[in-house]
$ cat coords.cif   # mmCIF, C-alpha atoms
data_run
#
loop_
_atom_site.label_atom_id
_atom_site.label_comp_id
_atom_site.auth_asym_id
_atom_site.auth_seq_id
_atom_site.Cartn_x
_atom_site.Cartn_y
_atom_site.Cartn_z
CA MET E 245 -32.08 58.41 -116.35
CA THR E 246 -28.59 57.08 -116.93
CA ALA E 247 -27.17 53.85 -115.66
CA PRO E 248 -24.53 54.10 -112.95
CA LYS E 249 -20.94 53.69 -114.00
CA PRO E 250 -19.51 50.25 -113.36
CA PRO E 251 -16.88 50.22 -110.60
CA ARG E 252 -13.26 50.42 -111.65
CA PRO E 253 -11.45 47.09 -111.47
CA LEU E 254 -9.28 46.59 -108.41
CA THR E 255 -5.57 46.42 -108.82
CA ARG E 256 -3.61 43.58 -107.30
CA ARG E 257 -2.42 45.89 -104.51
CA GLY E 258 -6.00 46.96 -103.82
CA ARG E 259 -7.14 43.35 -103.49
CA VAL E 260 -4.25 42.57 -101.12
CA LEU E 261 -5.12 45.62 -99.00
CA ILE E 262 -8.77 44.60 -98.77
CA TRP E 263 -7.89 41.02 -97.73
CA PHE E 264 -5.41 42.40 -95.19
CA MET E 265 -8.20 44.55 -93.70
CA ILE E 266 -10.53 41.54 -93.56
CA VAL E 267 -7.95 39.48 -91.67
CA PHE E 268 -7.16 42.45 -89.39
CA VAL E 269 -10.82 42.98 -88.47
CA ALA E 270 -11.24 39.27 -87.75
CA MET E 271 -8.08 39.16 -85.60
CA VAL E 272 -9.09 42.23 -83.60
CA GLY E 273 -12.50 40.67 -82.97
CA VAL E 274 -11.05 37.33 -81.91
CA GLY E 275 -8.21 38.83 -79.87
CA GLY E 276 -10.19 41.56 -78.13
CA GLY E 277 -13.23 39.40 -77.53
CA GLY E 278 -11.11 36.51 -76.30
CA ALA E 279 -9.22 38.77 -73.88
CA LEU E 280 -12.43 40.17 -72.40
CA ILE E 281 -13.96 36.72 -72.06
CA ALA E 282 -10.77 35.41 -70.42
CA GLU E 283 -10.76 38.31 -67.95
CA GLY E 284 -14.36 37.59 -66.98
CA LEU E 285 -13.64 33.87 -66.58
CA ASN E 286 -10.56 34.61 -64.46
CA GLY E 287 -12.66 36.79 -62.15
CA ARG E 288 -15.31 34.13 -61.88
CA ASP E 289 -12.69 31.46 -61.10
CA ALA E 290 -11.02 33.64 -58.49
CA GLN E 291 -14.33 34.34 -56.76
CA ALA E 292 -15.19 30.65 -56.79
CA ASP E 293 -12.01 29.18 -55.35
CA GLY E 294 -9.26 31.82 -55.08
CA PRO E 295 -7.51 32.41 -51.77
CA VAL E 296 -9.13 35.13 -49.64
CA GLY E 297 -7.00 37.92 -48.23
CA SER E 298 -6.34 41.64 -48.23
CA LEU E 299 -4.65 44.00 -50.66
CA THR E 300 -2.49 46.89 -49.48
CA PRO E 301 -2.29 49.39 -52.37
CA THR E 302 1.14 50.78 -53.17
CA ASP E 303 0.47 52.38 -56.56
CA ARG E 304 -2.24 53.02 -59.10
CA ASP E 305 -2.43 52.17 -62.78
CA CYS E 306 -4.39 54.93 -64.49
CA GLY E 307 -5.97 54.86 -67.90
CA ARG E 308 -7.84 57.63 -69.64
CA ASP E 309 -11.01 57.40 -67.55
CA SER E 310 -10.21 55.49 -64.39
CA CYS E 311 -7.50 53.89 -62.29
CA ALA E 312 -6.86 50.50 -60.74
CA TRP E 313 -4.99 49.82 -57.51
CA ILE E 314 -1.73 47.88 -57.57
CA GLY E 315 -0.39 46.50 -54.34
CA GLU E 316 0.61 43.61 -52.13
CA PHE E 317 -1.76 40.72 -51.52
CA VAL E 318 -1.55 38.71 -48.29
CA SER E 319 -3.87 35.76 -47.71
CA GLU E 320 -5.84 35.53 -44.45
CA ASP E 321 -3.63 32.75 -43.12
CA GLY E 322 -0.45 34.54 -44.27
CA THR E 323 0.82 31.68 -46.46
CA ILE E 324 0.39 33.47 -49.80
CA THR E 325 2.06 36.81 -50.46
CA ARG E 326 2.21 38.44 -53.90
CA THR E 327 3.47 41.87 -54.93
CA GLY E 328 2.39 43.84 -57.98
CA VAL E 329 -1.18 42.53 -57.79
CA LEU E 330 -3.75 44.43 -59.86
CA LEU E 331 -7.15 44.93 -58.21
CA SER E 332 -10.28 44.52 -60.33
CA ASP E 333 -13.09 46.25 -58.53
CA ALA E 334 -16.72 46.98 -59.27
CA GLU E 335 -16.21 50.63 -58.25
CA ARG E 336 -14.43 53.11 -60.48
CA THR E 337 -11.34 54.73 -59.01
CA ARG E 338 -10.61 58.29 -60.15
CA HIS E 339 -7.21 59.93 -60.59
CA GLY E 340 -7.55 62.06 -57.46
CA ASP E 341 -9.03 59.43 -55.09
CA PRO E 342 -7.01 58.89 -51.92
CA MET E 343 -5.20 55.58 -51.61
CA PRO E 344 -6.88 53.29 -49.05
CA ALA E 345 -4.77 51.74 -46.31
CA ARG E 346 -6.02 48.21 -46.96
CA ILE E 347 -8.77 46.51 -48.93
CA ASP E 348 -10.13 43.42 -47.20
CA ASN E 349 -12.02 40.41 -48.50
CA VAL E 350 -10.46 40.13 -51.95
CA ARG E 351 -9.77 36.91 -53.85
CA LEU E 352 -6.59 36.24 -55.78
CA HIS E 353 -6.26 34.79 -59.26
CA ASP E 354 -2.59 33.88 -59.36
CA ASP E 355 -1.89 34.15 -63.05
CA ALA E 356 1.65 33.67 -64.31
CA GLY E 357 1.42 36.85 -66.39
CA ARG E 358 0.10 39.22 -63.75
CA PRO E 359 -1.68 38.21 -60.55
CA THR E 360 -5.06 39.90 -60.15
CA ALA E 361 -7.26 40.28 -57.10
CA TYR E 362 -11.04 40.59 -57.35
CA THR E 363 -13.38 42.16 -54.80
CA VAL E 364 -16.50 40.31 -53.72
CA ASP E 365 -18.73 42.76 -55.61
CA TYR E 366 -16.90 42.17 -58.92
CA ASN E 367 -19.35 40.93 -61.56
CA PRO E 368 -17.73 38.96 -64.42
CA GLY E 369 -20.93 38.99 -66.51
CA PRO E 370 -20.47 42.38 -68.21
CA ARG E 371 -16.88 41.55 -69.22
CA MET E 372 -17.89 38.24 -70.73
CA ALA E 373 -20.91 39.79 -72.50
CA ALA E 374 -18.70 42.54 -73.93
CA GLY E 375 -16.21 39.90 -75.04
CA VAL E 376 -18.87 37.91 -76.85
CA PHE E 377 -20.14 41.11 -78.49
CA VAL E 378 -16.64 42.15 -79.68
CA LEU E 379 -15.92 38.63 -80.90
CA MET E 380 -19.18 38.34 -82.83
CA PHE E 381 -18.96 41.90 -84.19
CA GLY E 382 -15.46 41.31 -85.54
CA LEU E 383 -16.35 38.00 -87.17
CA VAL E 384 -19.60 39.30 -88.68
CA MET E 385 -17.86 42.40 -90.06
CA ALA E 386 -15.11 40.25 -91.59
CA ALA E 387 -17.73 37.92 -93.11
CA LEU E 388 -19.64 40.87 -94.58
CA MET E 389 -16.42 42.27 -96.02
CA VAL E 390 -15.62 38.88 -97.61
CA ARG E 391 -19.13 38.71 -99.04
CA SER E 392 -18.88 42.18 -100.54
CA VAL E 393 -15.49 41.38 -102.08
CA ARG E 394 -16.79 38.09 -103.49
CA ARG E 395 -19.84 39.81 -105.00
CA TYR E 396 -17.62 42.26 -106.83
CA LYS E 397 -17.10 40.77 -110.29
CA ARG E 398 -13.97 41.37 -112.27
CA PRO E 399 -14.64 42.78 -115.72
CA ALA E 400 -15.17 39.98 -118.18
CA ALA E 401 -12.61 39.52 -120.92
CA PRO E 402 -13.95 40.08 -124.42
CA PRO E 403 -15.14 36.82 -126.00
CA GLU E 404 -12.74 35.08 -128.31
CA PRO E 405 -13.96 34.60 -131.84
CA ALA E 406 -15.36 31.15 -132.60
CA ALA E 407 -13.65 28.88 -135.14
CA SER E 408 -16.44 29.41 -137.69
CA ASP E 409 -15.89 33.19 -137.57
CA THR E 410 -12.36 32.89 -138.96
CA THR E 411 -13.34 31.62 -142.42
CA PRO E 412 -12.71 34.12 -145.17
CA PRO E 413 -15.75 35.68 -146.74
CA ALA E 414 -16.96 34.21 -150.01
CA GLN E 415 -16.00 36.11 -153.17
CA ALA E 416 -18.63 37.12 -155.62
#

$ encode --input "coords.cif" --output "structure tokens"
Amino acid sequence: MTAPKPPRPLTRRGRVLIWFMIVFVAMVGVGGGGALIAEGLNGRDAQADGPVGSLTPTDRDCGRDSCAWIGEFVSEDGTITRTGVLLSDAERTRHGDPMPARIDNVRLHDDAGRPTAYTVDYNPGPRMAAGVFVLMFGLVMAALMVRSVRRYKRPAAPPEPAASDTTPPAQA
């Protein structure tokens, strides 16, 4: 049985590419996980103390699998009105579903970026759990990649001759 060939040494460009991938994986994990956790926390905050009102859908924002309603939010007392509010709902909306006239009993999270309304049956737990999973997966994968790169040894340089090896041989 023959010994496996030692791996070829990495070039400088190869090492830079590997470290770029490690940083990219870590950033995707932190960014994606953080966004999912923030969305879950926003829903929880809105359900806890957001103003209650109704959403009148005017449009839908469709992704590959499902859609979300976009519309005008009006609080029960009429003091808060927001347009372009995205509805986060526990039910999945399909591309062909008819637009409802009004959705009652929603709570608003008035974010500066995009206001979002949450229905009473919205559960923030799955979003936060998915966020923690994505965050941990990205960080663990980056750590494993760093470990595998660190374990890879560069080929050792040949040893330099010692000072005693440079003496000329004795003549006979």

$ resolve_selection --input "coords.cif" --expression "the PyMOL selection byres ((chain E and resi 301-309) around 10)" --output "list in words"
Ser298, Leu299, Thr300, Ser310, Cys311, Ala312, Trp313, Ile314, Gly315, Glu316, Phe317, Thr327, Gly328, Val329, Leu330, Leu331, Arg336, Thr337, Arg338, His339, Met343, Pro344, Ala345, Arg346 and Ile347 of chain E

$ resolve_selection --input "coords.cif" --expression "the PyMOL selection byres ((chain E and resi 258-265) around 12)" --output "compact mmCIF listing (two decimals) with C-alpha atoms, in the frame of the given file"
# COMPACT_ATOMS: atom_id res chain seq x y z
CA ARG E 252 -13.26 50.42 -111.65
CA PRO E 253 -11.45 47.09 -111.47
CA LEU E 254 -9.28 46.59 -108.41
CA THR E 255 -5.57 46.42 -108.82
CA ARG E 256 -3.61 43.58 -107.30
CA ARG E 257 -2.42 45.89 -104.51
CA ILE E 266 -10.53 41.54 -93.56
CA VAL E 267 -7.95 39.48 -91.67
CA PHE E 268 -7.16 42.45 -89.39
CA VAL E 269 -10.82 42.98 -88.47
CA ALA E 270 -11.24 39.27 -87.75
CA MET E 271 -8.08 39.16 -85.60
CA VAL E 272 -9.09 42.23 -83.60
CA GLY E 382 -15.46 41.31 -85.54
CA MET E 385 -17.86 42.40 -90.06
CA ALA E 386 -15.11 40.25 -91.59
CA ALA E 387 -17.73 37.92 -93.11
CA MET E 389 -16.42 42.27 -96.02
CA VAL E 390 -15.62 38.88 -97.61
CA ARG E 391 -19.13 38.71 -99.04
CA SER E 392 -18.88 42.18 -100.54
CA VAL E 393 -15.49 41.38 -102.08
CA ARG E 394 -16.79 38.09 -103.49
CA TYR E 396 -17.62 42.26 -106.83
CA ARG E 398 -13.97 41.37 -112.27

$ atom_distance --input "coords.cif" --atom1 "CA of Leu352 in chain E" --atom2 "CA of Glu320 in chain E"
11.4 Å

$ resolve_selection --input "coords.cif" --expression "the PyMOL selection byres ((chain E and resi 281) around 12)" --output "list in words"
Gly273, Val274, Gly275, Gly276, Gly277, Gly278, Ala279, Leu280, Ala282, Glu283, Gly284, Leu285, Asn286, Gly287, Arg288, Pro368, Gly369, Pro370, Arg371, Met372, Ala373, Ala374, Gly375, Val376, Phe377, Val378 and Leu379 of chain E

$ closest_residue --input "coords.cif" --among "E:Ile324, E:Ala290, E:Ala247, E:Val296" --to "Asp355 in chain E" --atoms "all atoms listed in the file"
E:Ala290

$ closest_residue --input "coords.cif" --among "E:Glu335, E:Lys249, E:Arg358, E:Asn349" --to "Pro295 in chain E" --atoms "all atoms listed in the file"
E:Asn349

$ closest_residue --input "coords.cif" --among "E:Asp333, E:Arg395, E:Thr360, E:Arg351" --to "Asp293 in chain E" --atoms "all atoms listed in the file"
E:Arg351
